[in-house]
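Since the structure comes first, as structure tokens, the remarks are kept for the end.
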Amino acid sequence: MSSPINEQNTDKRYQSLIISIGLFLTLIGALLAFTFYTSSILQKNTRTIALSNQIANDAQAVIKDLFDMQNSYGEEITSPHVTTVLKRLKDNSARIETSLTTLEKGGVVADKSGKQYTLPTIEDTQILKNVQQTRQEWNQLKPKVDDYLGVAGDIEKDSLTSLSMAGEQAKTSSLAMNDSLDKLTISVFNNAESQANIIRLIQAVGIAIILGYFAIFIFFFVRRLRDADALALAAQKETQDIMSNVNTGLFLLDNDLNIGQQYSAHLENIIGEKDIGGKNLSTLLQNKVSAKDLETTQGFVKQLYNPRVKEKLIDDLNPLKKIMLSNQKNQNRFLDFKFSRVYHQKAIDKILVNVQDITNQVRLEQRLEQERAQNDLQIEMLTTILNVSPKIITEFITNTRQNINDINEVLKTPGSSQSELQEKLNRMYRVMHSLKGEASSLSLHSFTVIATNFEEKLKALQHKSDLVGNDFLPLTIHLEELLNLSNTIDALGRRINHNSADTNAVKNGNGAETTHPSPATKGMNEFYQQYADNIATRQGKQVALKATGFNDLHLSRDIESSLKKIVIQLVRNAVVHGIETPDARAAAGKSNLGNINLSLLDLAESYKLTIEDDGAGINFPAIKEKAIQMGYSPEDVNGWSEQKLITLLFKSGFSTKDTTDEDAGRGVGLDIIKEDIQLLQGQLNVDTKRGQFTRFTIRLPKNPTAE
């Protein structure tokens, strides 16, 4: 619930906005600069809120662990339970200290998953005040926790006194810390909401709409303030519980989940029901929340009447936090239920329930996340456009659309038998794998993710024994996403290239304009080198790829497109399967840096493509083991020649890598190479020596004979 002070601060921010709107209009310039600006604002507030919530969660964990140790006092200190709780108590205490220091001074902080991010220095005085209040309470609690931890592991020392002192201090400090952290989160959230509004208004319409919005906001605020005053006067006739929170849904709940006769008027608007007094909460929420949530709520309320359930655990066990409420008009809202015990003569008499409509807050969080994702997507695409030649981008867009059309054609192809449907899956798998490889080579993570998801769905369908035509319908959603992304990068590329052309147009000696080419003209040699570097980084390897011949030759579009797919697969194969990790290379007496030589030669009647790495060579024992796993007879496999074992590498679905990632493990890369070489009537030769090298040599005729 917003306070009048917060509303006044918001009013001052909008006044400042009106005064400085001219400055904002002058600063709005290039799309990329504005995108970075909005992204940094959203990330700053999101990270601050996340860290605040982390501190609150860690503080609750510390308190629960202290109470746990009090209840478990006397248990063997070497027991798994005690050692686990003590370690968790120590870790959470250290994390609170680190997090508070980061909030105060800024810096790098890691969440529980280990992901690190940078938190800037907080400048807002209200937020700093809340942080300082939290620090003061923590400084009172932490020494007592440290005192307890210092003796908890020593059986010869009395830890009960220090544990009791820590527990007593926790009862006081936890409430104050939670209150200050809640205020901190509200302040940051208000700032985030204001900043998001500013960004949205700047992007939308400008000064006129800002002034209109300001007028509407003032009118709305005055009206809400007047209604709140009137409601407060009326609430004086009700119980003190309702009068303290008239702007939320307040009611009392008995052990059978029956709602009391006295409740806040706002509750009817939130629940969407009239004359709620005396009705059962389960009946009101039926068909509005999931059956599982409803069942959990019934058990939760029963536990609230159990005095053995600790007061501090109520919020953690609450199943109705940010719950989605459905109604008959299909207008879903989000509600937040808070439960508190009401005591009569030290016995639990009723449960006070406070319900708030947090739909706007949830929607804002969703919008912030969507805008952040959109900003990241545009940054990714802009980075690719600015660092790759327009020719390669154009080829990628053309190939993507062609691949989508190819998959659409496969989807349209009739098929009724299981073999026909499986063949459709295999064909789509090859096309999508090629598209993913090309997207990965351009560092287009969004394309790669969608293509990977598409592959995962195809993989699931391949394992389905009773395929039907309708199983393919969900795949069209991913195709549409890929098409939209290709249209987006195409539009961004055209805009940037157009602006670049305007910028590079200068007057020549005769006064006429002449256009200089854009500096982003890296050729295919550099493209493949960068691609190898990217894969090596993901795989934790050190690789140097030397590419020659690709910038100099002018190939037909069909050969160039197929050749690019082949090279992408071969480079990826060399880095993932050929080059060893630095540790493995060092153990083998090699330099940590693996070398890959990639060349394209123009011969009399054909093109010769060669790629050679100085890695571990082909692992024939691993191929044999995989072949046996696939069902081949061990006796037959052990008698196969190396040449026959190599042919298995080009079999669809064959991979010696046990796990899948963006770069390998799906068993279709070399299969695609074989298929493309056959279509171009080319020849493939593989040479390898264990521990020394692997070399692929491909000859493609310049003028394939017509079939």
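Residues in the structure tokens are named by chain (A, B, ... in the order shown) and by number from 1 within that chain; ligands are numbered from 1 in the order shown.
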
(message) as a PyMOL selection string, please: every residue in range 291-451 of chain A that DSSP puts in strand (DSSP E or B).
(response) chain A and resi 323-325+333-344+347-357

File dump, residues just selected, N, CA, C and O atoms, as a compact mmCIF listing (two decimals), in the first residue's frame:
```txt
# COMPACT_ATOMS: atom_id res chain seq x y z
N ILE A 323 -1.02 -15.55 -6.24
CA ILE A 323 -1.84 -16.57 -6.86
C ILE A 323 -2.67 -15.96 -7.98
O ILE A 323 -3.14 -14.82 -7.89
N MET A 324 -2.81 -16.70 -9.09
CA MET A 324 -3.61 -16.18 -10.21
C MET A 324 -5.07 -16.56 -9.99
O MET A 324 -5.40 -17.72 -9.76
N LEU A 325 -5.95 -15.54 -10.06
CA LEU A 325 -7.38 -15.74 -9.85
C LEU A 325 -8.09 -15.63 -11.20
O LEU A 325 -8.00 -14.62 -11.88
N ARG A 333 -6.48 -12.16 -12.73
CA ARG A 333 -5.83 -11.20 -11.85
C ARG A 333 -4.93 -11.95 -10.88
O ARG A 333 -5.07 -13.15 -10.70
N PHE A 334 -4.03 -11.21 -10.27
CA PHE A 334 -3.09 -11.82 -9.33
C PHE A 334 -3.36 -11.25 -7.93
O PHE A 334 -3.42 -10.02 -7.76
N LEU A 335 -3.53 -12.15 -6.98
CA LEU A 335 -3.82 -11.76 -5.60
C LEU A 335 -2.72 -12.28 -4.68
O LEU A 335 -2.10 -13.31 -4.94
N ASP A 336 -2.53 -11.54 -3.60
CA ASP A 336 -1.54 -11.93 -2.60
C ASP A 336 -2.25 -12.03 -1.25
O ASP A 336 -2.78 -11.05 -0.74
N PHE A 337 -2.30 -13.24 -0.68
CA PHE A 337 -2.94 -13.49 0.61
C PHE A 337 -1.87 -13.52 1.70
O PHE A 337 -0.84 -14.17 1.55
N LYS A 338 -2.14 -12.81 2.80
CA LYS A 338 -1.27 -12.86 3.97
C LYS A 338 -2.10 -13.30 5.18
O LYS A 338 -3.20 -12.79 5.39
N PHE A 339 -1.56 -14.23 5.95
CA PHE A 339 -2.29 -14.83 7.07
C PHE A 339 -1.58 -14.48 8.38
O PHE A 339 -0.36 -14.60 8.48
N SER A 340 -2.37 -14.05 9.37
CA SER A 340 -1.84 -13.73 10.70
C SER A 340 -2.77 -14.33 11.75
O SER A 340 -4.00 -14.35 11.58
N ARG A 341 -2.17 -14.80 12.83
CA ARG A 341 -2.98 -15.37 13.91
C ARG A 341 -3.56 -14.28 14.80
O ARG A 341 -2.90 -13.29 15.09
N VAL A 342 -4.80 -14.49 15.25
CA VAL A 342 -5.45 -13.60 16.22
C VAL A 342 -5.63 -14.41 17.51
O VAL A 342 -6.28 -15.47 17.50
N TYR A 343 -5.04 -13.92 18.60
CA TYR A 343 -5.05 -14.66 19.86
C TYR A 343 -6.11 -14.11 20.81
O TYR A 343 -6.40 -12.91 20.83
N HIS A 344 -6.68 -15.03 21.60
CA HIS A 344 -7.58 -14.65 22.69
C HIS A 344 -7.16 -15.46 23.91
O HIS A 344 -7.29 -16.69 23.93
N ALA A 347 -4.66 -18.20 23.34
CA ALA A 347 -5.10 -19.29 22.46
C ALA A 347 -5.40 -18.71 21.08
O ALA A 347 -5.86 -17.57 20.94
N ILE A 348 -5.13 -19.49 20.05
CA ILE A 348 -5.39 -19.04 18.67
C ILE A 348 -6.89 -19.05 18.45
O ILE A 348 -7.55 -20.10 18.44
N ASP A 349 -7.46 -17.86 18.26
CA ASP A 349 -8.91 -17.72 18.15
C ASP A 349 -9.38 -17.67 16.70
O ASP A 349 -10.33 -18.35 16.31
N LYS A 350 -8.73 -16.86 15.90
CA LYS A 350 -9.11 -16.69 14.50
C LYS A 350 -7.84 -16.47 13.67
O LYS A 350 -6.75 -16.26 14.19
N ILE A 351 -8.01 -16.48 12.36
CA ILE A 351 -6.93 -16.16 11.43
C ILE A 351 -7.33 -14.90 10.67
O ILE A 351 -8.41 -14.85 10.05
N LEU A 352 -6.50 -13.85 10.76
CA LEU A 352 -6.74 -12.62 10.02
C LEU A 352 -6.10 -12.76 8.63
O LEU A 352 -4.91 -13.04 8.51
N VAL A 353 -6.92 -12.56 7.60
CA VAL A 353 -6.46 -12.70 6.22
C VAL A 353 -6.47 -11.33 5.56
O VAL A 353 -7.47 -10.61 5.63
N ASN A 354 -5.38 -10.97 4.95
CA ASN A 354 -5.23 -9.69 4.24
C ASN A 354 -4.97 -10.01 2.77
O ASN A 354 -3.98 -10.65 2.42
N VAL A 355 -5.87 -9.57 1.89
CA VAL A 355 -5.77 -9.87 0.46
C VAL A 355 -5.51 -8.57 -0.30
O VAL A 355 -6.20 -7.57 -0.08
N GLN A 356 -4.54 -8.61 -1.20
CA GLN A 356 -4.23 -7.46 -2.04
C GLN A 356 -4.23 -7.87 -3.50
O GLN A 356 -3.78 -8.95 -3.87
N ASP A 357 -4.76 -6.98 -4.33
CA ASP A 357 -4.72 -7.17 -5.78
C ASP A 357 -3.38 -6.62 -6.28
O ASP A 357 -3.18 -5.41 -6.31
```

(message) Which residues are close to range 464-474 of chain A, i.e. within 7 Å by only C-alpha atoms, leaving aside same-chain residues fewer than 4 positions away? Reply as a ChimeraX atom specification.
(response) /A:418,421,460

(request) Quick one: pull the distance between CA of Thr84 in chain A and CA of Leu149 in chain A, Å, one decimal. (result) 12.8 Å

(request) Might you pull out every residue within 10 Å of Ala439 in chain A, with only C-alpha atoms counted and same-chain residues fewer than 2 positions away left off, and present them as a ChimeraX atom specification? (result) /A:396-397,400,433-437,441-449,451

Quick one: everything within 10 Å of range 701-704 of chain A, counting only C-alpha atoms, minus sequence neighbours fewer than 5 positions away in the same chain. Send it as a PDB file with N, CA, C and O atoms, in the first residue's frame.
```pdb
ATOM      1  N   LEU A 555      32.221 -18.297 -56.102  1.00  0.00           N
ATOM      2  CA  LEU A 555      31.514 -19.554 -56.319  1.00  0.00           C
ATOM      3  C   LEU A 555      30.078 -19.293 -56.723  1.00  0.00           C
ATOM      4  O   LEU A 555      29.513 -18.225 -56.452  1.00  0.00           O
ATOM      5  N   SER A 556      29.486 -20.307 -57.359  1.00  0.00           N
ATOM      6  CA  SER A 556      28.058 -20.216 -57.650  1.00  0.00           C
ATOM      7  C   SER A 556      27.292 -20.243 -56.335  1.00  0.00           C
ATOM      8  O   SER A 556      27.782 -20.743 -55.321  1.00  0.00           O
ATOM      9  N   ILE A 559      26.790 -23.849 -54.822  1.00  0.00           N
ATOM     10  CA  ILE A 559      28.009 -24.418 -54.249  1.00  0.00           C
ATOM     11  C   ILE A 559      28.427 -23.639 -53.010  1.00  0.00           C
ATOM     12  O   ILE A 559      28.828 -24.214 -51.987  1.00  0.00           O
ATOM     13  N   ASP A 602      41.167 -23.818 -55.802  1.00  0.00           N
ATOM     14  CA  ASP A 602      40.490 -23.853 -57.094  1.00  0.00           C
ATOM     15  C   ASP A 602      41.338 -24.689 -58.048  1.00  0.00           C
ATOM     16  O   ASP A 602      42.405 -24.260 -58.500  1.00  0.00           O
ATOM     17  N   LEU A 603      40.889 -25.919 -58.338  1.00  0.00           N
ATOM     18  CA  LEU A 603      41.593 -26.791 -59.265  1.00  0.00           C
ATOM     19  C   LEU A 603      40.988 -26.643 -60.657  1.00  0.00           C
ATOM     20  O   LEU A 603      40.068 -25.845 -60.885  1.00  0.00           O
ATOM     21  N   ALA A 604      41.467 -27.428 -61.583  1.00  0.00           N
ATOM     22  CA  ALA A 604      41.019 -27.275 -62.970  1.00  0.00           C
ATOM     23  C   ALA A 604      39.528 -27.536 -63.120  1.00  0.00           C
ATOM     24  O   ALA A 604      38.796 -26.727 -63.697  1.00  0.00           O
ATOM     25  N   GLU A 605      39.061 -28.670 -62.590  1.00  0.00           N
ATOM     26  CA  GLU A 605      37.676 -29.057 -62.784  1.00  0.00           C
ATOM     27  C   GLU A 605      36.878 -29.111 -61.478  1.00  0.00           C
ATOM     28  O   GLU A 605      35.706 -29.463 -61.492  1.00  0.00           O
ATOM     29  N   SER A 606      37.535 -28.808 -60.391  1.00  0.00           N
ATOM     30  CA  SER A 606      36.856 -28.964 -59.106  1.00  0.00           C
ATOM     31  C   SER A 606      37.440 -28.016 -58.071  1.00  0.00           C
ATOM     32  O   SER A 606      38.441 -27.338 -58.317  1.00  0.00           O
ATOM     33  N   TYR A 607      36.777 -28.000 -56.914  1.00  0.00           N
ATOM     34  CA  TYR A 607      37.269 -27.268 -55.749  1.00  0.00           C
ATOM     35  C   TYR A 607      37.705 -28.303 -54.705  1.00  0.00           C
ATOM     36  O   TYR A 607      37.031 -29.323 -54.500  1.00  0.00           O
ATOM     37  N   LYS A 608      38.817 -28.012 -54.063  1.00  0.00           N
ATOM     38  CA  LYS A 608      39.329 -28.921 -53.031  1.00  0.00           C
ATOM     39  C   LYS A 608      39.263 -28.230 -51.668  1.00  0.00           C
ATOM     40  O   LYS A 608      39.897 -27.209 -51.448  1.00  0.00           O
ATOM     41  N   LEU A 679      24.862 -34.735 -53.011  1.00  0.00           N
ATOM     42  CA  LEU A 679      24.051 -33.904 -53.898  1.00  0.00           C
ATOM     43  C   LEU A 679      24.919 -33.140 -54.889  1.00  0.00           C
ATOM     44  O   LEU A 679      24.511 -32.893 -56.033  1.00  0.00           O
ATOM     45  N   LEU A 680      26.131 -32.745 -54.457  1.00  0.00           N
ATOM     46  CA  LEU A 680      27.046 -32.010 -55.332  1.00  0.00           C
ATOM     47  C   LEU A 680      27.961 -32.950 -56.116  1.00  0.00           C
ATOM     48  O   LEU A 680      28.870 -32.490 -56.819  1.00  0.00           O
ATOM     49  N   GLN A 681      27.723 -34.273 -56.010  1.00  0.00           N
ATOM     50  CA  GLN A 681      28.508 -35.294 -56.721  1.00  0.00           C
ATOM     51  C   GLN A 681      29.993 -35.191 -56.347  1.00  0.00           C
ATOM     52  O   GLN A 681      30.880 -35.388 -57.177  1.00  0.00           O
ATOM     53  N   GLY A 682      30.266 -34.876 -55.083  1.00  0.00           N
ATOM     54  CA  GLY A 682      31.635 -34.733 -54.632  1.00  0.00           C
ATOM     55  C   GLY A 682      32.185 -36.006 -54.025  1.00  0.00           C
ATOM     56  O   GLY A 682      31.510 -37.046 -53.949  1.00  0.00           O
ATOM     57  N   GLN A 683      33.422 -35.931 -53.597  1.00  0.00           N
ATOM     58  CA  GLN A 683      34.106 -37.054 -52.978  1.00  0.00           C
ATOM     59  C   GLN A 683      34.666 -36.620 -51.621  1.00  0.00           C
ATOM     60  O   GLN A 683      35.111 -35.488 -51.461  1.00  0.00           O
TER      61      GLN A 683
END
```

(message) Between A:Lys322, A:Arg699, A:Lys64, A:Arg538, which residue has the minimum interatomic distance to Leu601 in chain A, considering only C-alpha atoms?
(response) A:Arg699

(request) Quick one: everything within 12 Å of Ile698 in chain A, counting only C-alpha atoms, minus sequence neighbours fewer than 2 positions away in the same chain. Send it as a ChimeraX atom specification. (result) /A:563,566-567,570,598-601,606-612,673-674,676-678,680-687,695-696,700-701

(request) Determine which residues of range 378-619 of chain A receive a DSSP assignment of helix (DSSP H, G or I), computed from the backbone, and state them as a PyMOL selection string. (result) chain A and resi 378-387+390-412+418-441+445-462+469-472+475-504+524-539+557-578+582-587

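For the residues A:Thr121, A:Asn453, A:Asn399, A:Asn45, ranking by smallest atom-to-atom distance to Lys564 in chain A using only C-alpha atoms places A:Asn399 first.
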
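Interatomic distance, CA of Pro582 in chain A against CA of Asn525 in chain A: 24.8 Å.
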
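In terms of minimum interatomic distance to Thr46 in chain A, A:Thr118 ranks closest within A:Thr118, A:Ser99, A:Gln126, A:Ser93, counting only C-alpha atoms.
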
(request) Go ahead and compute the interatomic distance for CA of Lys651 in chain A and CA of Glu675 in chain A, in Å to one decimal. (result) 10.4 Å

(message) Please list as a PyMOL selection string every residue within 12 Å of Asn71 in chain A, counting only C-alpha atoms and excluding residues in the same chain fewer than 2 positions away.
(response) chain A and resi 64-69+73-75+82+160+163-164+167+308+310
